[in-house]
Amino acid sequence: MNLQDFNTKVYPLKDKIFRFAKRMLDQTEEAEDLVQEVFIRMWKIREKLDEYRSLEALAMVTTKNLCLDKLKTRKFPVESFNDQRQFIERIAEEPRSDHSDLITGVKEAMNSLPEQSRLIVHLRDIEGYEFGEISEILGMQENAIRVALSRARQRIREILVNSRNHEYQRN
Amino acid sequence: MNIKEIEQLIERYYEGETTLAEETLLKEFFSGDDVPEYLRQHQPIFRYFADEVSRTLNNEEQEKVLLRRIGQFEKEVSGSGMQPVQKRMYYLSGIAAGLLILFGLVFTFKNELSKRNHAGLVNPSTEVAYTQTKQALLLVSVGLNTGFDAVQRLNTLNNAMGQIQKINKFYNYQNQFINPERMQDPSTNK
């Protein structure tokens, strides 16, 4: 694979890689850096890229593995930092309609899911992958993915319903 | 698509049984504004997914960095002649730095010496005498060190002597066995 192929076939994956990395790392800067790392990895094996059935699946698997490495070496939890940032973001976007509040609720519900379920929902409902592709990326059986996906979707719905009821009680 | 079908799709969605095409239909349906009140509870979910997929590496800086990286890839492929030159420069700069440090040391040392001479604290002949003595002492020191080496050899001799001691002991025991009446000697020594 030459540079031109790389630019037309691998480069357009940047947003998907970024979103997946962001989903796993929950940190924009790290996700941005990770996109580069994935590209470097892919470039290093450019001679072999043509042998892969799906470049996209390869890129996503690489992203997943690099993210897992990164999460393993994290010396301190970034949660506090992110919470702060979300807090600031929320202040900045204070005048919001109820609607986007609800969307934020979905985001929070997503974050409360176990990592694997979160990734499955991400790959299916956001990136629109077939179960076969998800199974390739996550290294899981398709059936297990279906079950986990269904559970995760219902869980999100439950959380949203609960938070709404909570809100009604408060009002 | 009528609302009944949408309802069914939603149910199947939560069961994880919808196809990608059907899920796209749901996303489209919920992105519209004519969602009936009783289905509104599902709207944020599909809106969120639609929002998220439009999230891009939305950072010009990052795009530039990425493109520059890819530009570097190109250099690696085409202009590999650049590499050895850089390498040579790297080593040359190292050598230059080493020489600089050496010269610096020599000059400061010389300066120091000439300063002392200028100060007149020591007149040249005593200076010469001083350096000569120093050299002589150095010689002694070096000689002493080689002497120590010789002493080291003495140590090995000592060790060897120890071995011989063992043989002596053996002889003693042998004598005891041969002439048991002499056994008295060591015990009285105790």
# chains A, B, ... in the order shown; residues from 1 in each chain; ligands from 1

call {"tool": "interface_residues", "arguments": {"of": "chain B", "to": "chain A", "cutoff": "10 Å", "atoms": "only C-alpha atoms", "output": "VMD selection string"}}
result
chain B and resid 12 to 17 19 to 21 23 to 24 27 41 to 59 62 to 63 65 to 67 69 to 71 73 to 74 77

call {"tool": "select_by_dssp", "arguments": {"residues": "segment 112-151 of chain A", "states": "helix (DSSP H, G or I)", "output": "ChimeraX atom specification"}}
result
/A:115-126,131-138,142-151

call {"tool": "closest_residue", "arguments": {"among": "A:Ser117, A:Ser54, A:Ser135, A:Gln141", "to": "Arg23 of chain A", "atoms": "only C-alpha atoms"}}
result
A:Ser117

call {"tool": "residues_around", "arguments": {"residues": "Leu55 of chain A", "least_positions_apart": "3", "cutoff": "12 Å", "atoms": "only C-alpha atoms", "output": "PDB file with C-alpha atoms, in the first residue's frame"}}
result
ATOM      1  CA  MET A   1       0.000   0.000   0.000  1.00  0.00           C
ATOM      2  CA  ASP A   5      -3.863   4.408  -0.942  1.00  0.00           C
ATOM      3  CA  PHE A   6      -3.186   5.172   2.666  1.00  0.00           C
ATOM      4  CA  THR A   8      -7.781   7.403   0.534  1.00  0.00           C
ATOM      5  CA  LYS A   9      -8.394   4.239   2.537  1.00  0.00           C
ATOM      6  CA  VAL A  10      -7.034   4.803   6.032  1.00  0.00           C
ATOM      7  CA  TYR A  11      -7.148   8.548   6.547  1.00  0.00           C
ATOM      8  CA  PRO A  12     -10.971   8.802   6.265  1.00  0.00           C
ATOM      9  CA  LEU A  13     -11.236   6.488   9.271  1.00  0.00           C
ATOM     10  CA  ILE A  17     -11.081   6.091  15.376  1.00  0.00           C
ATOM     11  CA  VAL A  38      -3.193   4.264  15.277  1.00  0.00           C
ATOM     12  CA  PHE A  39      -2.129   5.828  11.993  1.00  0.00           C
ATOM     13  CA  MET A  42      -1.138   1.179  10.384  1.00  0.00           C
ATOM     14  CA  TRP A  43       1.594   2.837   8.363  1.00  0.00           C
ATOM     15  CA  ILE A  45       2.400  -2.494   8.543  1.00  0.00           C
ATOM     16  CA  ARG A  46       1.414  -0.884   5.228  1.00  0.00           C
ATOM     17  CA  LYS A  48       0.607  -6.173   4.865  1.00  0.00           C
ATOM     18  CA  LEU A  49      -2.502  -3.989   4.836  1.00  0.00           C
ATOM     19  CA  ASP A  50      -3.767  -5.437   1.578  1.00  0.00           C
ATOM     20  CA  GLU A  51      -3.970  -8.860   3.188  1.00  0.00           C
ATOM     21  CA  TYR A  52      -6.604  -7.704   5.661  1.00  0.00           C
ATOM     22  CA  LEU A  58      -8.191  -3.575  11.776  1.00  0.00           C
ATOM     23  CA  ALA A  59      -8.105   0.128  12.587  1.00  0.00           C
ATOM     24  CA  MET A  60     -10.788  -0.286  15.226  1.00  0.00           C
ATOM     25  CA  VAL A  61      -9.068  -3.290  16.803  1.00  0.00           C
ATOM     26  CA  THR A  62      -5.802  -1.335  16.878  1.00  0.00           C
ATOM     27  CA  GLU A 133     -17.957  -6.481  12.405  1.00  0.00           C
ATOM     28  CA  GLU A 136     -14.408  -8.929  14.905  1.00  0.00           C
ATOM     29  CA  ILE A 137     -13.533  -5.680  16.675  1.00  0.00           C
TER      30      ILE A 137
END

call {"tool": "atom_distance", "arguments": {"atom1": "atom CA of Ser163 of chain A", "atom2": "atom CA of Lys4 of chain B"}}
result
27.1 Å
